[in-house]
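Pasting final-v4.txt here (compact mmCIF, C-alpha atoms):
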```
# COMPACT_ATOMS: atom_id res chain seq x y z
CA MET A 1 -108.33 116.86 49.03
CA THR A 2 -112.02 117.51 48.41
CA GLY A 3 -114.31 115.87 50.95
CA ALA A 4 -111.46 114.58 53.11
CA LEU A 5 -112.46 112.86 56.35
CA GLN A 6 -110.19 111.54 59.10
CA LEU A 7 -110.47 108.08 60.65
CA ALA A 8 -108.44 109.05 63.71
CA ARG A 9 -105.95 111.68 64.83
CA PRO A 10 -102.43 110.98 66.10
CA GLY A 11 -102.70 109.76 69.67
CA ASP A 12 -106.29 108.53 69.26
CA ARG A 13 -107.16 104.89 69.87
CA LEU A 14 -108.91 103.10 67.02
CA SER A 15 -110.32 99.59 67.35
CA VAL A 16 -110.18 97.73 64.04
CA LEU A 17 -111.58 94.33 63.07
CA CYS A 18 -109.79 92.92 60.02
CA LEU A 19 -111.48 90.03 58.22
CA GLY A 20 -109.91 87.98 55.44
CA ALA A 21 -110.95 84.76 53.76
CA HIS A 22 -107.35 83.77 53.02
CA SER A 23 -103.98 84.32 54.62
CA ASP A 24 -102.83 87.25 52.47
CA ASP A 25 -106.14 89.05 51.81
CA ILE A 26 -106.04 91.65 54.60
CA GLU A 27 -102.44 92.55 53.82
CA ILE A 28 -103.15 93.00 50.10
CA GLY A 29 -106.35 94.98 50.59
CA ALA A 30 -105.54 97.14 53.61
CA GLY A 31 -101.96 96.50 54.72
CA ALA A 32 -100.61 99.93 53.82
CA THR A 33 -103.60 101.63 55.43
CA LEU A 34 -102.88 99.92 58.75
CA LEU A 35 -99.16 100.65 58.49
CA SER A 36 -99.83 104.32 57.66
CA LEU A 37 -102.22 104.73 60.60
CA SER A 38 -99.55 103.40 62.96
CA GLU A 39 -96.96 105.60 61.24
CA ARG A 40 -99.14 108.66 61.94
CA GLY A 41 -99.32 107.85 65.64
CA VAL A 42 -102.81 106.37 65.78
CA ARG A 43 -102.97 103.76 68.57
CA LEU A 44 -104.49 100.72 66.89
CA ASP A 45 -106.25 97.92 68.75
CA VAL A 46 -106.56 95.25 66.08
CA HIS A 47 -108.47 91.97 65.99
CA TRP A 48 -107.12 90.17 62.88
CA CYS A 49 -109.10 87.16 61.65
CA VAL A 50 -108.20 84.85 58.77
CA LEU A 51 -110.90 82.28 58.08
CA SER A 52 -108.94 79.65 56.15
CA GLY A 53 -105.50 78.43 57.08
CA GLY A 54 -103.68 75.17 57.43
CA GLY A 55 -100.12 73.95 57.23
CA VAL A 56 -97.80 76.47 55.63
CA ARG A 57 -100.62 79.00 55.05
CA ASP A 58 -101.31 79.07 58.80
CA VAL A 59 -97.65 79.77 59.55
CA GLU A 60 -97.49 82.46 56.84
CA ALA A 61 -100.67 84.14 58.07
CA LYS A 62 -99.55 84.44 61.69
CA ALA A 63 -96.01 85.58 60.86
CA SER A 64 -97.25 88.19 58.40
CA ALA A 65 -99.95 89.54 60.71
CA THR A 66 -97.42 89.81 63.54
CA ASP A 67 -95.11 91.95 61.40
CA PHE A 68 -97.90 94.12 59.96
CA LEU A 69 -99.18 94.82 63.49
CA ALA A 70 -95.80 95.39 65.12
CA GLY A 71 -96.66 99.07 65.61
CA ALA A 72 -100.17 98.49 66.98
CA ALA A 73 -101.06 99.25 70.58
CA SER A 74 -102.59 95.77 70.87
CA ALA A 75 -103.22 92.88 68.51
CA GLN A 76 -105.12 89.62 68.54
CA ILE A 77 -104.53 87.24 65.64
CA GLN A 78 -106.87 84.34 64.87
CA VAL A 79 -106.54 81.86 61.99
CA MET A 80 -109.45 79.49 61.39
CA SER A 81 -109.56 76.30 59.33
CA PHE A 82 -112.59 76.66 57.06
CA GLN A 83 -111.96 75.00 53.70
CA ASP A 84 -110.49 77.29 51.07
CA GLY A 85 -112.78 77.61 48.05
CA PHE A 86 -115.86 76.16 49.76
CA PHE A 87 -117.12 79.00 51.98
CA PRO A 88 -120.64 79.07 50.49
CA GLU A 89 -121.00 75.34 51.23
CA GLN A 90 -119.85 75.98 54.83
CA GLY A 91 -122.23 78.88 55.33
CA GLU A 92 -123.88 77.65 58.54
CA ALA A 93 -120.60 76.96 60.32
CA ILE A 94 -119.08 80.27 59.24
CA LYS A 95 -122.24 82.12 60.30
CA GLN A 96 -121.99 80.53 63.75
CA TRP A 97 -118.36 81.66 63.96
CA PHE A 98 -119.40 85.23 63.09
CA GLU A 99 -122.04 85.19 65.81
CA LEU A 100 -119.43 84.18 68.39
CA LEU A 101 -117.06 86.86 67.06
CA LYS A 102 -119.74 89.53 67.54
CA ARG A 103 -119.82 88.75 71.27
CA ARG A 104 -116.07 89.29 71.60
CA VAL A 105 -115.41 92.49 69.64
CA GLU A 106 -116.89 95.97 69.41
CA PRO A 107 -114.74 97.67 66.74
CA ASP A 108 -114.75 101.28 65.59
CA LEU A 109 -113.94 100.11 62.06
CA ILE A 110 -114.29 96.83 60.16
CA LEU A 111 -112.20 96.00 57.10
CA THR A 112 -113.64 93.20 54.96
CA HIS A 113 -113.98 91.96 51.39
CA ARG A 114 -116.00 93.65 48.65
CA ARG A 115 -119.57 92.43 48.33
CA ASP A 116 -119.22 91.89 44.55
CA ASP A 117 -115.75 90.31 44.60
CA ALA A 118 -115.39 87.56 42.00
CA HIS A 119 -114.11 85.01 44.55
CA GLN A 120 -116.90 83.08 46.24
CA ASP A 121 -115.08 82.94 49.61
CA HIS A 122 -114.61 86.71 49.57
CA ARG A 123 -118.28 87.33 48.84
CA GLN A 124 -119.35 85.03 51.67
CA VAL A 125 -117.16 86.86 54.18
CA SER A 126 -118.51 90.22 53.04
CA ARG A 127 -122.13 89.05 53.20
CA LEU A 128 -121.76 87.70 56.72
CA THR A 129 -119.88 90.81 57.85
CA TRP A 130 -122.84 92.99 56.92
CA ASN A 131 -125.31 90.45 58.25
CA THR A 132 -123.57 90.28 61.63
CA PHE A 133 -122.34 93.84 62.23
CA ARG A 134 -125.29 96.07 61.41
CA ASP A 135 -124.33 99.21 63.34
CA HIS A 136 -120.65 99.47 62.51
CA ARG A 137 -118.47 101.43 60.11
CA ILE A 138 -117.49 98.93 57.41
CA LEU A 139 -115.05 99.45 54.56
CA GLU A 140 -114.65 96.82 51.85
CA TYR A 141 -111.15 96.39 50.42
CA GLU A 142 -110.11 95.12 47.00
CA VAL A 143 -107.90 92.17 46.04
CA PRO A 144 -106.51 92.12 42.47
CA LYS A 145 -106.78 88.82 40.65
CA TRP A 146 -106.94 87.29 37.19
CA ASP A 147 -110.75 87.57 37.15
CA GLY A 148 -110.36 91.28 36.34
CA ASP A 149 -112.97 92.35 38.89
CA ILE A 150 -111.41 95.57 40.14
CA GLY A 151 -114.37 97.85 40.79
CA GLN A 152 -115.07 101.53 41.31
CA PRO A 153 -114.25 102.41 44.94
CA ASN A 154 -115.59 105.49 46.68
CA VAL A 155 -113.32 105.72 49.75
CA TYR A 156 -109.59 106.40 49.42
CA VAL A 157 -106.85 106.26 52.03
CA PRO A 158 -103.61 107.95 50.89
CA VAL A 159 -100.61 106.04 52.20
CA SER A 160 -96.96 106.98 52.52
CA ALA A 161 -94.43 105.64 50.05
CA GLY A 162 -92.65 104.05 52.99
CA ALA A 163 -95.78 102.24 54.15
CA LEU A 164 -96.37 100.90 50.65
CA ASP A 165 -92.77 99.72 50.38
CA ARG A 166 -93.11 98.00 53.76
CA LYS A 167 -96.39 96.36 52.72
CA ILE A 168 -94.88 94.96 49.52
CA ASP A 169 -91.70 93.78 51.24
CA LEU A 170 -93.73 91.93 53.90
CA LEU A 171 -96.05 90.35 51.34
CA ILE A 172 -93.20 89.06 49.19
CA SER A 173 -91.14 87.83 52.13
CA HIS A 174 -93.92 86.12 54.09
CA PHE A 175 -96.00 84.44 51.38
CA ALA A 176 -93.58 82.13 49.60
CA SER A 177 -96.51 79.84 48.77
CA GLN A 178 -98.00 82.55 46.56
CA ARG A 179 -94.94 83.70 44.62
CA SER A 180 -95.62 81.32 41.73
CA LYS A 181 -98.89 83.13 40.96
CA GLN A 182 -98.50 85.49 38.03
CA TRP A 183 -100.28 88.38 39.73
CA PHE A 184 -98.47 88.14 43.07
CA ASP A 185 -95.60 90.58 42.60
CA ASP A 186 -94.32 94.06 43.34
CA GLU A 187 -95.62 95.55 40.08
CA THR A 188 -99.21 94.46 40.70
CA PHE A 189 -99.36 95.85 44.22
CA ARG A 190 -97.50 99.06 43.40
CA GLY A 191 -99.42 99.60 40.16
CA LEU A 192 -102.82 99.37 41.85
CA ALA A 193 -101.69 101.69 44.66
CA ARG A 194 -100.41 104.21 42.11
CA LEU A 195 -103.72 104.10 40.20
CA ARG A 196 -105.73 104.68 43.37
CA GLY A 197 -103.29 107.39 44.42
CA MET A 198 -103.81 109.17 41.11
CA GLU A 199 -107.59 108.97 41.55
CA CYS A 200 -107.46 110.74 44.93
CA ARG A 201 -104.43 112.99 44.32
CA ALA A 202 -102.52 111.32 47.15
CA PRO A 203 -99.67 113.50 48.49
CA GLU A 204 -97.13 110.67 48.11
CA ARG A 205 -98.75 109.24 44.94
CA TYR A 206 -100.12 106.05 46.51
CA ALA A 207 -103.40 105.02 48.12
CA GLU A 208 -105.54 102.05 49.03
CA ALA A 209 -109.20 102.18 48.04
CA PHE A 210 -112.36 100.81 49.59
CA VAL A 211 -116.11 100.69 49.11
CA GLY A 212 -118.09 102.40 51.85
CA ARG A 213 -121.68 101.29 51.26
CA LYS A 214 -123.28 102.91 54.29
CA LEU A 215 -121.62 105.66 56.29
CA VAL A 216 -123.28 107.86 58.91
CA LEU A 217 -121.84 111.29 59.63
CA THR A 218 -122.45 112.77 63.08
```
Reformat the file's structure so that it appears as structure tokens.
Amino acid sequence: MTGALQLARPGDRLSVLCLGAHSDDIEIGAGATLLSLSERGVRLDVHWCVLSGGGVRDVEAKASATDFLAGAASAQIQVMSFQDGFFPEQGEAIKQWFELLKRRVEPDLILTHRRDDAHQDHRQVSRLTWNTFRDHRILEYEVPKWDGDIGQPNVYVPVSAGALDRKIDLLISHFASQRSKQWFDDETFRGLARLRGMECRAPERYAEAFVGRKLVLT
């Protein structure tokens, strides 16, 4: 693959901070990437943060994260209770939470929402990620939705067919509260992964894609 770079080699440790506004965002945007890294033998130390959760969504978020990170070397899962849909109105409180988070983690890689995502909560998380973590490697993942805001990514992570199957199985099994949504199904997740796999000539046909706005090569 032209211009291929490697996040980590088998046996390497990689510290990853995963940030999601809602309980299924990280899994949808980067779940197969995390599963494939573990599959390749990368030793992941993951700090997984979901900013809105309550009731059944809290239970779903923790159970799903636990399964997605079963192969990680270490995992910390945190689900907060900021109000879904109102992140811009809660900006000060969320900013304070980010500042406390910065004191607790020093990741090699941060996975967060796209800056120009159509969902206001997603945009707020992305903005505060960049505002808080200024010297880190940040990749912005994509979440398909009815808004039709899928963008033009510039970073691709080929994933195995097995990792994609596992991602979809976990999403469908853990997030019963989302199954009534028209877009939340196997075809959506597999179709997007196939499209991104075609764009990067992925060996097993599938990939997840990200926006890397500022990357430093050393």
Exercise for review: Name all residues at most 12 Å from Glu187 of chain A (count all atoms listed in the file; drop same-chain ones fewer than 2 positions away) and give them as a ChimeraX atom specification.
Suggested key: /A:144,164-165,168-169,172,182-185,189-195
Practice item. Counting all atoms listed in the file, figure out which residue out of A:Leu7, A:Ile26, A:Leu109, A:Ile138 gets nearest to Lys214 of chain A. Key: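 The answer is A:Ile138, which sits nearest to Lys214 of chain A.
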Contacts of segment 107-175 of chain A with segment 81-93 of chain A up to 12 Å, shortest pair per row, all atoms listed in the file, as a Markdown table:
```
| residue | atom | partner | partner_atom | distance |
| --- | --- | --- | --- | --- |
| A:Ala118 | CA | A:Gly85 | CA | 11.9 |
| A:His119 | CA | A:Gly85 | CA | 8.3 |
| A:Gln120 | CA | A:Pro88 | CA | 6.9 |
| A:Asp121 | CA | A:Phe87 | CA | 5.0 |
| A:His122 | CA | A:Phe87 | CA | 8.5 |
| A:Arg123 | CA | A:Pro88 | CA | 8.7 |
| A:Gln124 | CA | A:Pro88 | CA | 6.2 |
| A:Val125 | CA | A:Phe87 | CA | 8.2 |
| A:Ser126 | CA | A:Phe87 | CA | 11.4 |
| A:Arg127 | CA | A:Gly91 | CA | 10.4 |
| A:Leu128 | CA | A:Gly91 | CA | 8.9 |
```
Any chance you could export the current selection's C-alpha atoms as a compact mmCIF listing (two decimals), in the frame of the given file?
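selection_13.txt was written with the following content:
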```
# COMPACT_ATOMS: atom_id res chain seq x y z
CA ALA A 118 -115.39 87.56 42.00
CA HIS A 119 -114.11 85.01 44.55
CA GLN A 120 -116.90 83.08 46.24
CA ASP A 121 -115.08 82.94 49.61
CA HIS A 122 -114.61 86.71 49.57
CA ARG A 123 -118.28 87.33 48.84
CA GLN A 124 -119.35 85.03 51.67
CA VAL A 125 -117.16 86.86 54.18
CA SER A 126 -118.51 90.22 53.04
CA ARG A 127 -122.13 89.05 53.20
CA LEU A 128 -121.76 87.70 56.72
```
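Across the model, the gap from atom CA of Ser180 of chain A to atom CA of Glu60 of chain A is 15.3 Å.
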Review point. For His113 of chain A, which residue out of A:Pro203, A:Gly11, A:Gly212, A:Gly55 is the nearest one, using all atoms listed in the file?
Key: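 Checking each candidate against His113 of chain A, we get A:Gly212 as the closest.
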Review point. Any idea what's packed within 10 Å of Glu27 of chain A, counting only C-alpha atoms, ignoring anything in its chain fewer than 4 positions away? Could you give it as a list in words?
Key: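 Contacts, in chain order: Cys18, Gly20, Ser23, Gly31, Ala32, Thr33, Leu34, Leu35, Ala61, Ser64, Ala65, Phe68, Val143, Lys167, Ile168, Leu170 and Leu171 of chain A.
With atom CA of Asp116 of chain A on one side and atom CA of Thr129 of chain A on the other, the separation reads 13.4 Å.
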Review point. Which neighbours of Cys49 of chain A fall inside 8 Å, counting all atoms listed in the file, when residues of the same chain fewer than 6 positions from it are skipped, and could you give them as a PyMOL selection string?
Key: chain A and resi 17-20+77-80
Exercise on segment 55-59 of chain A, axis-aligned box with 8 Å per side, report centre and edge lengths in Å to one decimal, as JSON:
```
{"center_x": -99.5, "center_y": 76.9, "center_z": 57.3, "size_x": 19.7, "size_y": 21.8, "size_z": 20.5}
```
Review point. Can you list, as a ChimeraX atom specification, every protein, DNA or RNA residue that comes within 8 Å of Cys200 of chain A when you count all atoms listed in the file, leaving out same-chain residues fewer than 2 positions away?
Key: /A:1,156,158,196-198,202,207
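The list of residues with at least one atom within 8 Å of Val16 of chain A, based on all atoms listed in the file and without residues fewer than 2 positions apart in the same chain, reads Leu14, Cys18, Leu44, Asp45, Val46, His47, Pro107, Asp108, Leu109, Ile110 and Leu111 of chain A.
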Review point. What is the atom CA of Ala8 of chain A-atom CA of Val159 of chain A distance in Å, reported with one decimal?
Key: 14.2 Å
Could I get segment 119-130 of chain A rebuilt with all heavy atoms, written as a PDB file, in the coordinates of the input?
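rebuild-v5.pdb, written as the output of this step:
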```pdb
ATOM      1  N   HIS A 119    -114.419  86.258  43.828  1.00  0.00           N
ATOM      2  CA  HIS A 119    -114.110  85.010  44.550  1.00  0.00           C
ATOM      3  C   HIS A 119    -115.249  84.688  45.514  1.00  0.00           C
ATOM      4  O   HIS A 119    -115.645  85.518  46.336  1.00  0.00           O
ATOM      5  CB  HIS A 119    -112.801  85.149  45.315  1.00  0.00           C
ATOM      6  CG  HIS A 119    -112.210  83.844  45.749  1.00  0.00           C
ATOM      7  ND1 HIS A 119    -112.839  82.998  46.647  1.00  0.00           N
ATOM      8  CD2 HIS A 119    -111.046  83.222  45.407  1.00  0.00           C
ATOM      9  CE1 HIS A 119    -112.080  81.933  46.844  1.00  0.00           C
ATOM     10  NE2 HIS A 119    -110.996  82.041  46.099  1.00  0.00           N
ATOM     11  N   GLN A 120    -115.739  83.466  45.434  1.00  0.00           N
ATOM     12  CA  GLN A 120    -116.900  83.080  46.240  1.00  0.00           C
ATOM     13  C   GLN A 120    -116.627  83.157  47.746  1.00  0.00           C
ATOM     14  O   GLN A 120    -117.521  83.516  48.528  1.00  0.00           O
ATOM     15  CB  GLN A 120    -117.365  81.660  45.869  1.00  0.00           C
ATOM     16  CG  GLN A 120    -116.403  80.522  46.210  1.00  0.00           C
ATOM     17  CD  GLN A 120    -115.329  80.307  45.143  1.00  0.00           C
ATOM     18  OE1 GLN A 120    -115.160  81.124  44.237  1.00  0.00           O
ATOM     19  NE2 GLN A 120    -114.615  79.193  45.250  1.00  0.00           N
ATOM     20  N   ASP A 121    -115.414  82.836  48.181  1.00  0.00           N
ATOM     21  CA  ASP A 121    -115.080  82.940  49.610  1.00  0.00           C
ATOM     22  C   ASP A 121    -115.128  84.383  50.072  1.00  0.00           C
ATOM     23  O   ASP A 121    -115.610  84.690  51.168  1.00  0.00           O
ATOM     24  CB  ASP A 121    -113.696  82.357  49.876  1.00  0.00           C
ATOM     25  CG  ASP A 121    -113.628  80.845  49.670  1.00  0.00           C
ATOM     26  OD1 ASP A 121    -114.675  80.220  49.456  1.00  0.00           O
ATOM     27  OD2 ASP A 121    -112.505  80.300  49.721  1.00  0.00           O
ATOM     28  N   HIS A 122    -114.611  85.287  49.240  1.00  0.00           N
ATOM     29  CA  HIS A 122    -114.610  86.710  49.570  1.00  0.00           C
ATOM     30  C   HIS A 122    -116.035  87.235  49.715  1.00  0.00           C
ATOM     31  O   HIS A 122    -116.337  87.976  50.664  1.00  0.00           O
ATOM     32  CB  HIS A 122    -113.865  87.505  48.504  1.00  0.00           C
ATOM     33  CG  HIS A 122    -112.420  87.156  48.374  1.00  0.00           C
ATOM     34  ND1 HIS A 122    -111.578  87.810  47.488  1.00  0.00           N
ATOM     35  CD2 HIS A 122    -111.650  86.227  49.001  1.00  0.00           C
ATOM     36  CE1 HIS A 122    -110.357  87.307  47.585  1.00  0.00           C
ATOM     37  NE2 HIS A 122    -110.382  86.331  48.489  1.00  0.00           N
ATOM     38  N   ARG A 123    -116.888  86.865  48.783  1.00  0.00           N
ATOM     39  CA  ARG A 123    -118.280  87.330  48.840  1.00  0.00           C
ATOM     40  C   ARG A 123    -118.980  86.829  50.101  1.00  0.00           C
ATOM     41  O   ARG A 123    -119.766  87.543  50.713  1.00  0.00           O
ATOM     42  CB  ARG A 123    -119.058  86.869  47.601  1.00  0.00           C
ATOM     43  CG  ARG A 123    -118.611  87.523  46.309  1.00  0.00           C
ATOM     44  CD  ARG A 123    -119.639  87.296  45.200  1.00  0.00           C
ATOM     45  NE  ARG A 123    -119.917  85.894  44.949  1.00  0.00           N
ATOM     46  CZ  ARG A 123    -119.219  85.132  44.114  1.00  0.00           C
ATOM     47  NH1 ARG A 123    -118.176  85.634  43.466  1.00  0.00           N
ATOM     48  NH2 ARG A 123    -119.546  83.861  43.921  1.00  0.00           N
ATOM     49  N   GLN A 124    -118.707  85.593  50.480  1.00  0.00           N
ATOM     50  CA  GLN A 124    -119.350  85.030  51.670  1.00  0.00           C
ATOM     51  C   GLN A 124    -118.919  85.789  52.931  1.00  0.00           C
ATOM     52  O   GLN A 124    -119.742  86.079  53.807  1.00  0.00           O
ATOM     53  CB  GLN A 124    -119.004  83.546  51.798  1.00  0.00           C
ATOM     54  CG  GLN A 124    -119.685  82.831  52.955  1.00  0.00           C
ATOM     55  CD  GLN A 124    -121.136  82.496  52.669  1.00  0.00           C
ATOM     56  OE1 GLN A 124    -121.814  83.173  51.896  1.00  0.00           O
ATOM     57  NE2 GLN A 124    -121.639  81.444  53.296  1.00  0.00           N
ATOM     58  N   VAL A 125    -117.640  86.110  53.031  1.00  0.00           N
ATOM     59  CA  VAL A 125    -117.160  86.860  54.180  1.00  0.00           C
ATOM     60  C   VAL A 125    -117.801  88.243  54.226  1.00  0.00           C
ATOM     61  O   VAL A 125    -118.255  88.709  55.281  1.00  0.00           O
ATOM     62  CB  VAL A 125    -115.623  86.975  54.169  1.00  0.00           C
ATOM     63  CG1 VAL A 125    -115.137  87.934  55.258  1.00  0.00           C
ATOM     64  CG2 VAL A 125    -114.984  85.603  54.365  1.00  0.00           C
ATOM     65  N   SER A 126    -117.879  88.898  53.084  1.00  0.00           N
ATOM     66  CA  SER A 126    -118.510  90.220  53.040  1.00  0.00           C
ATOM     67  C   SER A 126    -119.974  90.146  53.436  1.00  0.00           C
ATOM     68  O   SER A 126    -120.462  90.960  54.239  1.00  0.00           O
ATOM     69  CB  SER A 126    -118.385  90.810  51.626  1.00  0.00           C
ATOM     70  OG  SER A 126    -118.973  92.093  51.570  1.00  0.00           O
ATOM     71  N   ARG A 127    -120.696  89.182  52.902  1.00  0.00           N
ATOM     72  CA  ARG A 127    -122.130  89.050  53.200  1.00  0.00           C
ATOM     73  C   ARG A 127    -122.361  88.854  54.698  1.00  0.00           C
ATOM     74  O   ARG A 127    -123.240  89.489  55.293  1.00  0.00           O
ATOM     75  CB  ARG A 127    -122.727  87.885  52.419  1.00  0.00           C
ATOM     76  CG  ARG A 127    -124.240  87.714  52.603  1.00  0.00           C
ATOM     77  CD  ARG A 127    -124.761  86.528  51.827  1.00  0.00           C
ATOM     78  NE  ARG A 127    -124.356  85.255  52.406  1.00  0.00           N
ATOM     79  CZ  ARG A 127    -124.973  84.676  53.430  1.00  0.00           C
ATOM     80  NH1 ARG A 127    -126.012  85.253  54.016  1.00  0.00           N
ATOM     81  NH2 ARG A 127    -124.564  83.503  53.889  1.00  0.00           N
ATOM     82  N   LEU A 128    -121.569  87.983  55.307  1.00  0.00           N
ATOM     83  CA  LEU A 128    -121.760  87.700  56.720  1.00  0.00           C
ATOM     84  C   LEU A 128    -121.255  88.851  57.605  1.00  0.00           C
ATOM     85  O   LEU A 128    -121.749  89.038  58.725  1.00  0.00           O
ATOM     86  CB  LEU A 128    -121.069  86.392  57.091  1.00  0.00           C
ATOM     87  CG  LEU A 128    -121.769  85.145  56.520  1.00  0.00           C
ATOM     88  CD1 LEU A 128    -120.950  83.894  56.774  1.00  0.00           C
ATOM     89  CD2 LEU A 128    -123.176  84.995  57.104  1.00  0.00           C
ATOM     90  N   THR A 129    -120.295  89.622  57.113  1.00  0.00           N
ATOM     91  CA  THR A 129    -119.880  90.810  57.850  1.00  0.00           C
ATOM     92  C   THR A 129    -121.043  91.774  58.003  1.00  0.00           C
ATOM     93  O   THR A 129    -121.361  92.238  59.103  1.00  0.00           O
ATOM     94  CB  THR A 129    -118.708  91.511  57.144  1.00  0.00           C
ATOM     95  OG1 THR A 129    -117.597  90.626  57.022  1.00  0.00           O
ATOM     96  CG2 THR A 129    -118.274  92.751  57.927  1.00  0.00           C
ATOM     97  N   TRP A 130    -121.713  92.071  56.891  1.00  0.00           N
ATOM     98  CA  TRP A 130    -122.840  92.990  56.920  1.00  0.00           C
ATOM     99  C   TRP A 130    -124.030  92.404  57.678  1.00  0.00           C
ATOM    100  O   TRP A 130    -124.771  93.118  58.354  1.00  0.00           O
ATOM    101  CB  TRP A 130    -123.244  93.363  55.499  1.00  0.00           C
ATOM    102  CG  TRP A 130    -122.324  94.355  54.871  1.00  0.00           C
ATOM    103  CD1 TRP A 130    -121.266  94.097  54.045  1.00  0.00           C
ATOM    104  CD2 TRP A 130    -122.357  95.767  55.045  1.00  0.00           C
ATOM    105  NE1 TRP A 130    -120.643  95.265  53.678  1.00  0.00           N
ATOM    106  CE2 TRP A 130    -121.297  96.301  54.277  1.00  0.00           C
ATOM    107  CE3 TRP A 130    -123.178  96.636  55.766  1.00  0.00           C
ATOM    108  CZ2 TRP A 130    -121.045  97.679  54.217  1.00  0.00           C
ATOM    109  CZ3 TRP A 130    -122.923  98.004  55.698  1.00  0.00           C
ATOM    110  CH2 TRP A 130    -121.874  98.505  54.939  1.00  0.00           C
TER     111      TRP A 130
END
```
